[in-house]
Structure formats: C-alpha cells, structure tokens
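Shown here: entry.cif, mmCIF, C-alpha atoms.
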data_start
#
loop_
_atom_site.group_PDB
_atom_site.id
_atom_site.type_symbol
_atom_site.label_atom_id
_atom_site.label_comp_id
_atom_site.auth_asym_id
_atom_site.auth_seq_id
_atom_site.Cartn_x
_atom_site.Cartn_y
_atom_site.Cartn_z
ATOM 1 C CA MET A 1 159.876 -19.682 95.726
ATOM 2 C CA ALA A 2 157.639 -17.980 93.313
ATOM 3 C CA ASP A 3 158.275 -14.347 92.338
ATOM 4 C CA PRO A 4 155.935 -11.773 93.934
ATOM 5 C CA GLN A 5 153.118 -10.513 91.766
ATOM 6 C CA ARG A 6 154.085 -7.417 89.966
ATOM 7 C CA ILE A 7 151.909 -4.765 88.292
ATOM 8 C CA HIS A 8 153.198 -3.616 85.011
ATOM 9 C CA PRO A 9 151.968 -0.595 83.158
ATOM 10 C CA VAL A 10 150.038 -1.115 80.052
ATOM 11 C CA THR A 11 151.531 0.591 77.075
ATOM 12 C CA HIS A 12 150.160 1.090 73.682
ATOM 13 C CA ASP A 13 151.875 -0.948 71.146
ATOM 14 C CA ILE A 14 151.834 1.108 68.065
ATOM 15 C CA GLU A 15 152.683 -1.792 65.859
ATOM 16 C CA SER A 16 150.189 -4.272 67.262
ATOM 17 C CA GLY A 17 147.473 -1.636 67.852
ATOM 18 C CA GLN A 18 146.859 -2.868 71.404
ATOM 19 C CA LYS A 19 146.529 -0.556 74.361
ATOM 20 C CA GLN A 20 148.735 -0.917 77.326
ATOM 21 C CA THR A 21 147.540 0.367 80.672
ATOM 22 C CA VAL A 22 149.850 2.655 82.639
ATOM 23 C CA PRO A 23 148.987 2.820 86.330
ATOM 24 C CA LEU A 24 148.151 6.333 87.576
ATOM 25 C CA MET A 25 148.895 7.652 90.967
ATOM 26 C CA PRO A 26 146.571 6.335 93.599
ATOM 27 C CA ARG A 27 143.709 8.542 94.588
ATOM 28 C CA ASN A 28 144.498 10.903 97.427
ATOM 29 C CA ALA A 29 148.187 10.138 96.907
ATOM 30 C CA SER A 30 148.927 13.854 96.296
ATOM 31 C CA LYS A 31 147.576 16.776 98.256
ATOM 32 C CA SER A 32 147.488 20.475 97.537
ATOM 33 C CA GLU A 33 149.685 22.773 99.515
ATOM 34 C CA LYS A 34 146.525 24.498 100.796
ATOM 35 C CA GLY A 35 144.972 21.298 101.846
ATOM 36 C CA ASP A 36 141.997 19.417 100.593
ATOM 37 C CA PRO A 37 139.504 21.766 98.871
ATOM 38 C CA ALA A 38 136.650 19.554 100.013
ATOM 39 C CA ALA A 39 137.505 20.355 103.612
ATOM 40 C CA TYR A 40 136.822 24.117 103.178
ATOM 41 C CA PRO A 41 133.527 25.802 102.424
ATOM 42 C CA PRO A 42 133.142 27.483 99.059
ATOM 43 C CA PHE A 43 134.381 31.091 98.822
ATOM 44 C CA ARG A 44 131.661 33.705 99.392
ATOM 45 C CA ARG A 45 132.061 37.417 98.906
ATOM 46 C CA ASP A 46 130.250 39.433 101.532
ATOM 47 C CA ILE A 47 128.158 42.115 99.807
ATOM 48 C CA PRO A 48 126.615 44.835 102.020
ATOM 49 C CA VAL A 49 122.852 44.761 102.123
ATOM 50 C CA MET A 50 121.333 47.848 100.520
ATOM 51 C CA HIS A 51 118.041 48.812 102.125
ATOM 52 C CA SER A 52 115.833 50.536 99.649
ATOM 53 C CA LYS A 53 113.983 53.699 100.759
ATOM 54 C CA PRO A 54 110.286 53.325 101.358
ATOM 55 C CA PRO A 55 108.262 54.711 98.487
ATOM 56 C CA LYS A 56 106.985 58.249 98.969
ATOM 57 C CA ARG A 57 103.343 58.568 99.699
ATOM 58 C CA ARG A 58 101.340 60.386 97.155
ATOM 59 C CA ARG A 59 99.730 63.569 98.313
ATOM 60 C CA SER A 60 96.089 63.193 98.906
ATOM 61 C CA CYS A 61 93.509 65.110 96.913
ATOM 62 C CA CYS A 62 92.610 67.180 99.993
ATOM 63 C CA CYS A 63 96.228 68.275 100.434
ATOM 64 C CA ARG A 64 96.510 69.305 96.801
ATOM 65 C CA CYS A 65 93.265 71.267 96.996
ATOM 66 C CA MET A 66 94.485 73.068 100.105
ATOM 67 C CA CYS A 67 97.765 73.985 98.412
ATOM 68 C CA TRP A 68 95.912 75.335 95.384
ATOM 69 C CA THR A 69 93.552 77.312 97.608
ATOM 70 C CA ILE A 70 96.408 78.875 99.579
ATOM 71 C CA SER A 71 98.228 79.741 96.355
ATOM 72 C CA LEU A 72 95.127 81.394 94.904
ATOM 73 C CA LEU A 73 94.564 83.381 98.103
ATOM 74 C CA LEU A 74 98.149 84.609 98.092
ATOM 75 C CA LEU A 75 97.825 85.579 94.442
ATOM 76 C CA LEU A 76 94.575 87.419 95.178
ATOM 77 C CA ILE A 77 96.197 89.305 98.078
ATOM 78 C CA VAL A 78 99.102 90.318 95.847
ATOM 79 C CA LEU A 79 96.732 91.535 93.118
ATOM 80 C CA ILE A 80 94.632 93.529 95.590
ATOM 81 C CA GLY A 81 97.742 95.067 97.117
ATOM 82 C CA ALA A 82 99.067 96.012 93.683
ATOM 83 C CA THR A 83 95.715 97.550 92.728
ATOM 84 C CA ILE A 84 95.543 99.581 95.933
ATOM 85 C CA GLY A 85 99.106 100.744 95.402
ATOM 86 C CA ILE A 86 98.356 101.883 91.844
ATOM 87 C CA LEU A 87 95.195 103.715 92.939
ATOM 88 C CA PHE A 88 97.062 105.375 95.796
ATOM 89 C CA LEU A 89 99.773 106.647 93.485
ATOM 90 C CA ALA A 90 97.242 107.813 90.909
ATOM 91 C CA PHE A 91 94.741 109.602 93.194
ATOM 92 C CA ARG A 92 96.766 110.443 96.323
ATOM 93 C CA PRO A 93 93.800 110.015 98.735
ATOM 94 C CA LYS A 94 93.501 112.191 101.845
ATOM 95 C CA LEU A 95 91.160 111.825 104.813
ATOM 96 C CA PRO A 96 88.310 114.333 105.035
ATOM 97 C CA ASP A 97 88.228 116.806 107.894
ATOM 98 C CA TYR A 98 85.275 117.654 110.147
ATOM 99 C CA SER A 99 84.741 120.312 112.794
ATOM 100 C CA VAL A 100 81.830 121.518 114.951
ATOM 101 C CA ASP A 101 81.712 125.296 114.666
ATOM 102 C CA LYS A 102 78.494 126.283 116.403
ATOM 103 C CA LEU A 103 75.864 124.901 118.769
ATOM 104 C CA HIS A 104 72.496 126.576 119.124
ATOM 105 C CA ILE A 105 69.958 125.329 121.693
ATOM 106 C CA THR A 106 66.281 126.019 121.003
ATOM 107 C CA GLN A 107 64.871 123.808 123.755
ATOM 108 C CA PHE A 108 66.299 122.346 126.929
ATOM 109 C CA ASN A 109 63.861 122.044 129.835
ATOM 110 C CA LEU A 110 62.705 119.539 132.423
ATOM 111 C CA SER A 111 59.003 118.694 132.569
ATOM 112 C CA SER A 112 57.444 118.953 136.007
ATOM 113 C CA GLN A 113 54.766 116.376 135.121
ATOM 114 C CA ASP A 114 56.747 113.310 134.078
ATOM 115 C CA SER A 115 60.348 114.449 134.818
ATOM 116 C CA SER A 116 61.296 114.118 131.154
ATOM 117 C CA LEU A 117 64.018 116.277 129.645
ATOM 118 C CA SER A 118 63.273 117.703 126.182
ATOM 119 C CA ALA A 119 66.209 118.956 124.106
ATOM 120 C CA ALA A 120 66.447 120.549 120.664
ATOM 121 C CA PHE A 121 69.870 121.516 119.286
ATOM 122 C CA GLU A 122 71.068 122.957 116.004
ATOM 123 C CA VAL A 123 74.660 121.972 115.203
ATOM 124 C CA THR A 124 76.797 123.636 112.556
ATOM 125 C CA ILE A 125 79.296 121.171 111.066
ATOM 126 C CA THR A 126 81.987 121.977 108.511
ATOM 127 C CA ALA A 127 83.039 119.090 106.233
ATOM 128 C CA LYS A 128 86.184 119.475 104.100
ATOM 129 C CA ASN A 129 87.214 117.242 101.192
ATOM 130 C CA PRO A 130 90.908 117.965 100.496
ATOM 131 C CA ASN A 131 91.240 115.502 97.595
ATOM 132 C CA GLU A 132 91.934 116.764 94.085
ATOM 133 C CA LYS A 133 90.610 113.692 92.222
ATOM 134 C CA ILE A 134 88.200 112.086 94.704
ATOM 135 C CA GLY A 135 84.542 112.971 95.307
ATOM 136 C CA ILE A 136 82.325 111.849 98.204
ATOM 137 C CA TYR A 137 78.666 110.840 97.991
ATOM 138 C CA TYR A 138 76.954 111.221 101.386
ATOM 139 C CA GLU A 139 74.200 108.614 101.293
ATOM 140 C CA GLY A 140 71.010 108.330 103.328
ATOM 141 C CA GLY A 141 70.814 106.423 106.582
ATOM 142 C CA SER A 142 73.212 108.575 108.601
ATOM 143 C CA HIS A 143 72.923 109.144 112.345
ATOM 144 C CA ILE A 144 74.200 111.917 114.580
ATOM 145 C CA GLY A 145 73.726 112.174 118.338
ATOM 146 C CA VAL A 146 74.800 114.300 121.296
ATOM 147 C CA TRP A 147 75.640 112.499 124.550
ATOM 148 C CA TYR A 148 76.392 113.535 128.110
ATOM 149 C CA ASP A 149 77.896 111.076 130.593
ATOM 150 C CA GLY A 150 76.603 108.057 128.626
ATOM 151 C CA THR A 151 73.073 109.479 128.153
ATOM 152 C CA LYS A 152 71.869 110.531 124.724
ATOM 153 C CA LEU A 153 70.309 113.999 124.828
ATOM 154 C CA CYS A 154 69.225 114.390 121.199
ATOM 155 C CA GLU A 155 69.771 112.904 117.730
ATOM 156 C CA GLY A 156 69.250 113.547 114.035
ATOM 157 C CA SER A 157 70.728 112.813 110.591
ATOM 158 C CA LEU A 158 72.911 114.498 108.008
ATOM 159 C CA PRO A 159 71.430 115.476 104.628
ATOM 160 C CA LYS A 160 72.157 113.467 101.496
ATOM 161 C CA PHE A 161 74.510 115.303 99.116
ATOM 162 C CA TYR A 162 77.602 115.044 96.908
ATOM 163 C CA GLN A 163 80.840 116.762 97.856
ATOM 164 C CA GLY A 164 83.195 117.471 94.957
ATOM 165 C CA HIS A 165 86.957 117.815 94.737
ATOM 166 C CA GLU A 166 88.616 120.175 97.239
ATOM 167 C CA ASN A 167 85.204 121.273 98.465
ATOM 168 C CA THR A 168 84.152 122.687 101.851
ATOM 169 C CA THR A 169 80.516 122.251 102.881
ATOM 170 C CA VAL A 170 78.845 123.808 105.926
ATOM 171 C CA LEU A 171 75.895 121.825 107.310
ATOM 172 C CA ASN A 172 73.230 123.013 109.768
ATOM 173 C CA VAL A 173 71.844 119.868 111.354
ATOM 174 C CA PRO A 174 68.776 119.955 113.667
ATOM 175 C CA LEU A 175 68.766 117.487 116.584
ATOM 176 C CA GLN A 176 65.904 116.573 118.911
ATOM 177 C CA GLY A 177 65.467 114.200 121.808
ATOM 178 C CA GLN A 178 63.642 113.382 125.015
ATOM 179 C CA THR A 179 65.024 111.623 128.089
ATOM 180 C CA GLN A 180 62.728 109.985 130.624
ATOM 181 C CA ASP A 181 63.287 110.197 134.406
ATOM 182 C CA ALA A 182 65.867 112.920 133.946
ATOM 183 C CA ASN A 183 65.822 114.556 137.414
ATOM 184 C CA ALA A 184 69.224 113.137 138.346
ATOM 185 C CA LEU A 185 70.613 113.987 134.903
ATOM 186 C CA PHE A 186 69.413 117.603 135.101
ATOM 187 C CA VAL A 187 70.938 118.036 138.567
ATOM 188 C CA SER A 188 74.239 116.534 137.354
ATOM 189 C CA LEU A 189 74.376 119.023 134.449
ATOM 190 C CA GLN A 190 73.860 121.969 136.803
ATOM 191 C CA GLN A 191 76.514 120.740 139.233
ATOM 192 C CA GLN A 192 78.973 120.118 136.376
ATOM 193 C CA SER A 193 78.526 123.672 135.078
ATOM 194 C CA GLN A 194 78.940 125.232 138.547
ATOM 195 C CA THR A 195 81.960 123.107 139.499
ATOM 196 C CA THR A 196 84.091 123.185 136.341
ATOM 197 C CA GLY A 197 82.554 126.087 134.431
ATOM 198 C CA PHE A 198 81.872 123.962 131.360
ATOM 199 C CA ILE A 199 79.832 120.920 130.301
ATOM 200 C CA PRO A 200 81.534 118.089 128.341
ATOM 201 C CA LEU A 201 79.463 116.732 125.460
ATOM 202 C CA ASN A 202 80.184 113.946 122.999
ATOM 203 C CA LEU A 203 78.974 114.204 119.407
ATOM 204 C CA ARG A 204 79.000 111.021 117.324
ATOM 205 C CA VAL A 205 78.312 110.692 113.623
ATOM 206 C CA LYS A 206 77.801 107.536 111.538
ATOM 207 C CA GLN A 207 77.611 108.396 107.855
ATOM 208 C CA PRO A 208 77.444 105.922 104.925
ATOM 209 C CA VAL A 209 79.320 107.249 101.901
ATOM 210 C CA ARG A 210 80.461 106.188 98.452
ATOM 211 C CA ILE A 211 83.834 107.253 97.128
ATOM 212 C CA LYS A 212 84.116 108.443 93.529
ATOM 213 C CA LEU A 213 87.490 107.876 91.836
ATOM 214 C CA GLY A 214 87.375 109.754 88.558
ATOM 215 C CA SER A 215 84.222 108.375 86.925
ATOM 216 C CA LEU A 216 84.199 105.196 89.046
ATOM 217 C CA LYS A 217 81.813 105.002 92.010
ATOM 218 C CA LEU A 218 83.027 102.508 94.612
ATOM 219 C CA PHE A 219 81.142 100.398 97.143
ATOM 220 C CA GLU A 220 79.599 101.878 100.259
ATOM 221 C CA VAL A 221 81.641 102.460 103.423
ATOM 222 C CA LYS A 222 80.924 104.253 106.705
ATOM 223 C CA PHE A 223 82.546 107.359 108.096
ATOM 224 C CA LEU A 224 82.693 107.420 111.900
ATOM 225 C CA VAL A 225 83.255 110.820 113.524
ATOM 226 C CA LYS A 226 83.628 111.366 117.269
ATOM 227 C CA CYS A 227 83.899 114.895 118.664
ATOM 228 C CA ARG A 228 84.524 116.018 122.216
ATOM 229 C CA LEU A 229 82.875 119.405 122.891
ATOM 230 C CA ASP A 230 83.317 121.550 125.990
ATOM 231 C CA VAL A 231 80.516 124.131 126.122
ATOM 232 C CA ASP A 232 80.052 126.863 128.707
ATOM 233 C CA SER A 233 76.329 126.211 129.293
ATOM 234 C CA LEU A 234 73.132 124.712 127.912
ATOM 235 C CA SER A 235 70.929 127.778 128.093
ATOM 236 C CA THR A 236 67.927 128.028 125.777
ATOM 237 C CA ASN A 237 67.710 130.311 122.722
ATOM 238 C CA ASN A 238 71.356 131.198 122.787
ATOM 239 C CA ASP A 239 74.443 130.374 120.723
ATOM 240 C CA ILE A 240 76.509 128.245 123.042
ATOM 241 C CA ARG A 241 80.189 129.028 123.087
ATOM 242 C CA ILE A 242 82.353 126.003 122.350
ATOM 243 C CA ARG A 243 85.516 126.225 124.430
ATOM 244 C CA ASN A 244 87.198 123.148 123.068
ATOM 245 C CA SER A 245 86.454 120.923 120.078
ATOM 246 C CA ASN A 246 88.375 117.774 119.178
ATOM 247 C CA CYS A 247 87.157 115.430 116.415
ATOM 248 C CA LYS A 248 88.496 112.022 115.411
ATOM 249 C CA PHE A 249 87.710 110.384 112.111
ATOM 250 C CA SER A 250 87.745 106.664 111.256
ATOM 251 C CA LEU A 251 86.631 104.485 108.378
ATOM 252 C CA ASN A 252 84.538 101.349 108.759
ATOM 253 C CA LEU A 253 84.505 99.061 105.696
#

Is it possible to express this structure as structure tokens?
Amino acid sequence: MADPQRIHPVTHDIESGQKQTVPLMPRNASKSEKGDPAAYPPFRRDIPVMHSKPPKRRRSCCCRCMCWTISLLLLLIVLIGATIGILFLAFRPKLPDYSVDKLHITQFNLSSQDSSLSAAFEVTITAKNPNEKIGIYYEGGSHIGVWYDGTKLCEGSLPKFYQGHENTTVLNVPLQGQTQDANALFVSLQQQSQTTGFIPLNLRVKQPVRIKLGSLKLFEVKFLVKCRLDVDSLSTNNDIRIRNSNCKFSLNL
C-alpha cells in the first residue's frame, strides 16, 4: 500500500540557493479574541452637531437715519436746557406784575332808537418790572377789553413803550365799545347791582413784548393778563370804586 501524500515545507537551501516553501497557517485558521473585524462596522465617534447662529441683519438706512435724528434732537434739548439754565443763573428773571388801580366811566347809556349800549371807559393800569438786568419792550398790536357775563363792553390797546430795569409804569388806557340789542344786557347789569351790590367785570390783555437781556433783544412773545374786577356801579362821569381786583399773568410763546 502506497504511503499517503504528504506536504512538506519548502526551505531555503543556503548552499544550493533554492527556495523551499514553508506552509503557512490556513486562512481563517486563527481568530481574534474580539471576533472577526469584518463582522463589525467601522468605529465612528459621535460628534455633537453645532448649529451656527443666523447672521445678524444689517440695520437699514432708515433705521440709522432715525437713530441719528433722535440723537441730534436729544443733544439739541440738552444744549437748550443748558443755555436756559445759564441765562437763569445770570439774569435771575422775575415775572412782571400788573394791577388795575382805577376805572373811570365817561359814557355808559342805552340808546332808545336801536337798543345799542355805548360804553367808554378809562382804565388806569400799573405795570411793574422787578428785574434788575431785564428790560421789556411793549410792541404794537396789543388788545385790551372789558367783559361782562361773556359780552364785551369796550376795548382798546396799550401804548408802545420800553420799560427798563426795576421800573414801574402807570398807564391810562381809553376803551370804547358798542353792543347791539343790549336791552337784556342792560337789565341784567341793573339787577346784578341791586342784588349783590357790585358788578363783576373781566379785563383781558394780550400784549406782544420783546425781552431784553443785557444788550440782547430776544424774539417776540405774548403777555396774557386776566383781571377780575368787582365794581360798585357803572355810573357815568364818576370814578368807579374797585372793591376787589385779582390779576393773573401768563406767557404765550
């Protein structure tokens, strides 16, 4: 019986220079302790996804213009406030004072023909400027009127003049007026005098003025004066006694 076929390794004969083949281990004869690497997916490291922030929108031209405008307005308000504060500290302004001292009636009668009431008053007004460094220019275009119960009896205007520092000026202002269909008004005046013993009148003054600070003449403003007068009567050609006089002053830019 023949010997079974044997496989011998091939060795390299150094002397003859021939190679001898040594059989290697059969493929898949040895396995790793962790198993076959081909059976597992490749290793992947999970990296968290970083979401980038959306890019900021650029401000529009309109928004920038509005911001600049608001900034300039705020700066202008600050400058005006600082200027007013400096002027106030430098000049120490004080409000002028007005009073009605006398009322003289030269005409106050009811016409029997057309029932019109004609009135002519002469009012004495005292204007005081208490400021040490401020002068007042009383410009033209003023208006003064005397009213009773919403009806204007007479009107006129103040003269144009300059009032200096710490000056007191007495003005005699003539007023004239005519009221149509005044029968009811005349009867109401008589009943008011008999019932209460006095007649309430309202005197209103609108006077454009210019303020002088040192040598600087400012823009024009308006003085508004409202006086409540309680007089004992409205008899003609007589100095009417003023029982009560209360004046309020305001400034209209």

I need the output of the PyMOL selection byres ((chain A and resi 98-112) around 8) for this file as a PyMOL selection string; which residues are they?
chain A and resi 96-97+113-128+182-183+186+225+227+234-242+245-247+249

Judged by only C-alpha atoms, the minimum distance to Leu87 of chain A among A:Arg64, A:Lys206, A:Lys133, A:His165 is found for A:Lys133

Atom CA of Ile86 of chain A and atom CA of Pro208 of chain A are how many Å apart?
25.0 Å

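Here atom CA of Asn172 of chain A is placed at a distance of 12.7 Å from atom CA of Lys160 of chain A.
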
May I have the residues at most 12 Å from (70.7, 105.9, 109.7) in the file's coordinates, counting all atoms listed in the file, as an mmCIF file with C-alpha atoms, keeping the file's coordinate frame?
data_model
loop_
_atom_site.group_PDB
_atom_site.id
_atom_site.type_symbol
_atom_site.label_atom_id
_atom_site.label_comp_id
_atom_site.auth_asym_id
_atom_site.auth_seq_id
_atom_site.Cartn_x
_atom_site.Cartn_y
_atom_site.Cartn_z
ATOM 1 C CA TYR A 138 76.954 111.221 101.386
ATOM 2 C CA GLU A 139 74.200 108.614 101.293
ATOM 3 C CA GLY A 140 71.010 108.330 103.328
ATOM 4 C CA GLY A 141 70.814 106.423 106.582
ATOM 5 C CA SER A 142 73.212 108.575 108.601
ATOM 6 C CA HIS A 143 72.923 109.144 112.345
ATOM 7 C CA ILE A 144 74.200 111.917 114.580
ATOM 8 C CA GLY A 145 73.726 112.174 118.338
ATOM 9 C CA GLU A 155 69.771 112.904 117.730
ATOM 10 C CA GLY A 156 69.250 113.547 114.035
ATOM 11 C CA SER A 157 70.728 112.813 110.591
ATOM 12 C CA LEU A 158 72.911 114.498 108.008
ATOM 13 C CA PRO A 159 71.430 115.476 104.628
ATOM 14 C CA LYS A 160 72.157 113.467 101.496
ATOM 15 C CA VAL A 205 78.312 110.692 113.623
ATOM 16 C CA LYS A 206 77.801 107.536 111.538
ATOM 17 C CA GLN A 207 77.611 108.396 107.855
ATOM 18 C CA PRO A 208 77.444 105.922 104.925
ATOM 19 C CA VAL A 209 79.320 107.249 101.901
ATOM 20 C CA LYS A 222 80.924 104.253 106.705
#

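Among the candidate residues A:Asn202, A:Leu72, A:Asp232, A:Gln163, the one lying nearest to Gln190 of chain A is A:Asp232, with distances computed using all atoms listed in the file.
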
Test item: axis-aligned box, all listed atoms of segment 183-186 of chain A, 4 Å on each side, centre and edges in Å rounded to one decimal, as lines of an AutoDock Vina configuration file:
center_x = 68.2
center_y = 115.4
center_z = 136.6
size_x = 12.8
size_y = 12.5
size_z = 11.4

The residue from A:Leu89, A:Val221, A:Leu75, A:Leu213 with the smallest atom-to-atom distance to Gly164 of chain A, counting only C-alpha atoms, is A:Leu213

Any idea what's packed within 10 Å of Phe219 of chain A, counting only C-alpha atoms, ignoring anything in its chain fewer than 3 positions away? Could you give it as a CSV table (one decimal) with C-alpha atoms, in the frame of the given file?
chain,number,residue,atom,x,y,z
A,209,VAL,CA,79.3,107.2,101.9
A,210,ARG,CA,80.5,106.2,98.5
A,211,ILE,CA,83.8,107.3,97.1
A,212,LYS,CA,84.1,108.4,93.5
A,216,LEU,CA,84.2,105.2,89.0
A,253,LEU,CA,84.5,99.1,105.7

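Atom CA of Leu175 of chain A to atom CA of Asn244 of chain A spans 20.3 Å [interatomic distance, one decimal].
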
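Each of A:Val170, A:Phe161, A:Tyr148, A:Leu153 was compared to Gln192 of chain A using only C-alpha atoms, and A:Tyr148 turns out to be the nearest.
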
Within 7 Å of Leu201 of chain A using all atoms listed in the file, minus same-chain residues under 6 positions, as number ranges by chain:
A: 146-148, 228-230

Which one of A:Gln176, A:Thr168, A:Thr151, A:Ser215 sits closest to Ser188 of chain A if you count all atoms listed in the file?
A:Thr151

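Proximity to Asn129 of chain A was assessed for A:Cys154, A:Leu171, A:Ala90, A:Leu95 counting all atoms listed in the file; the smallest distance is recorded for A:Leu95.
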
Can you sort out segment 99-113 of chain A so it carries N, CA, C and O atoms, written as an mmCIF file, in the frame of the given file?
data_model
loop_
_atom_site.group_PDB
_atom_site.id
_atom_site.type_symbol
_atom_site.label_atom_id
_atom_site.label_comp_id
_atom_site.auth_asym_id
_atom_site.auth_seq_id
_atom_site.Cartn_x
_atom_site.Cartn_y
_atom_site.Cartn_z
ATOM 1 N N SER A 99 84.666 119.478 111.596
ATOM 2 C CA SER A 99 84.741 120.312 112.794
ATOM 3 C C SER A 99 83.342 120.801 113.151
ATOM 4 O O SER A 99 82.491 120.993 112.269
ATOM 5 N N VAL A 100 83.094 120.962 114.455
ATOM 6 C CA VAL A 100 81.830 121.518 114.951
ATOM 7 C C VAL A 100 82.080 122.979 115.276
ATOM 8 O O VAL A 100 82.852 123.303 116.185
ATOM 9 N N ASP A 101 81.434 123.863 114.537
ATOM 10 C CA ASP A 101 81.712 125.296 114.666
ATOM 11 C C ASP A 101 80.736 126.027 115.580
ATOM 12 O O ASP A 101 81.106 127.022 116.209
ATOM 13 N N LYS A 102 79.504 125.540 115.650
ATOM 14 C CA LYS A 102 78.494 126.283 116.403
ATOM 15 C C LYS A 102 77.459 125.315 116.961
ATOM 16 O O LYS A 102 77.118 124.307 116.332
ATOM 17 N N LEU A 103 76.938 125.675 118.137
ATOM 18 C CA LEU A 103 75.864 124.901 118.769
ATOM 19 C C LEU A 103 74.812 125.876 119.271
ATOM 20 O O LEU A 103 75.090 126.733 120.118
ATOM 21 N N HIS A 104 73.620 125.720 118.730
ATOM 22 C CA HIS A 104 72.496 126.576 119.124
ATOM 23 C C HIS A 104 71.411 125.703 119.748
ATOM 24 O O HIS A 104 71.008 124.676 119.182
ATOM 25 N N ILE A 105 70.965 126.098 120.961
ATOM 26 C CA ILE A 105 69.958 125.329 121.693
ATOM 27 C C ILE A 105 68.633 126.065 121.641
ATOM 28 O O ILE A 105 68.520 127.216 122.089
ATOM 29 N N THR A 106 67.624 125.426 121.083
ATOM 30 C CA THR A 106 66.281 126.019 121.003
ATOM 31 C C THR A 106 65.360 125.509 122.096
ATOM 32 O O THR A 106 64.364 126.158 122.421
ATOM 33 N N GLN A 107 65.691 124.358 122.670
ATOM 34 C CA GLN A 107 64.871 123.808 123.755
ATOM 35 C C GLN A 107 65.739 122.935 124.647
ATOM 36 O O GLN A 107 66.472 122.075 124.190
ATOM 37 N N PHE A 108 65.599 123.173 125.962
ATOM 38 C CA PHE A 108 66.299 122.346 126.929
ATOM 39 C C PHE A 108 65.646 122.586 128.292
ATOM 40 O O PHE A 108 66.052 123.458 129.064
ATOM 41 N N ASN A 109 64.594 121.830 128.577
ATOM 42 C CA ASN A 109 63.861 122.044 129.835
ATOM 43 C C ASN A 109 63.373 120.719 130.385
ATOM 44 O O ASN A 109 63.203 119.737 129.643
ATOM 45 N N LEU A 110 63.144 120.716 131.694
ATOM 46 C CA LEU A 110 62.705 119.539 132.423
ATOM 47 C C LEU A 110 61.219 119.678 132.725
ATOM 48 O O LEU A 110 60.784 120.673 133.314
ATOM 49 N N SER A 111 60.441 118.670 132.337
ATOM 50 C CA SER A 111 59.003 118.694 132.569
ATOM 51 C C SER A 111 58.708 118.392 134.039
ATOM 52 O O SER A 111 59.267 117.450 134.623
ATOM 53 N N SER A 112 57.821 119.172 134.603
ATOM 54 C CA SER A 112 57.444 118.953 136.007
ATOM 55 C C SER A 112 56.419 117.845 136.155
ATOM 56 O O SER A 112 56.173 117.364 137.268
ATOM 57 N N GLN A 113 55.809 117.401 135.064
ATOM 58 C CA GLN A 113 54.766 116.376 135.121
ATOM 59 C C GLN A 113 55.360 114.962 135.134
ATOM 60 O O GLN A 113 55.020 114.156 136.001
#
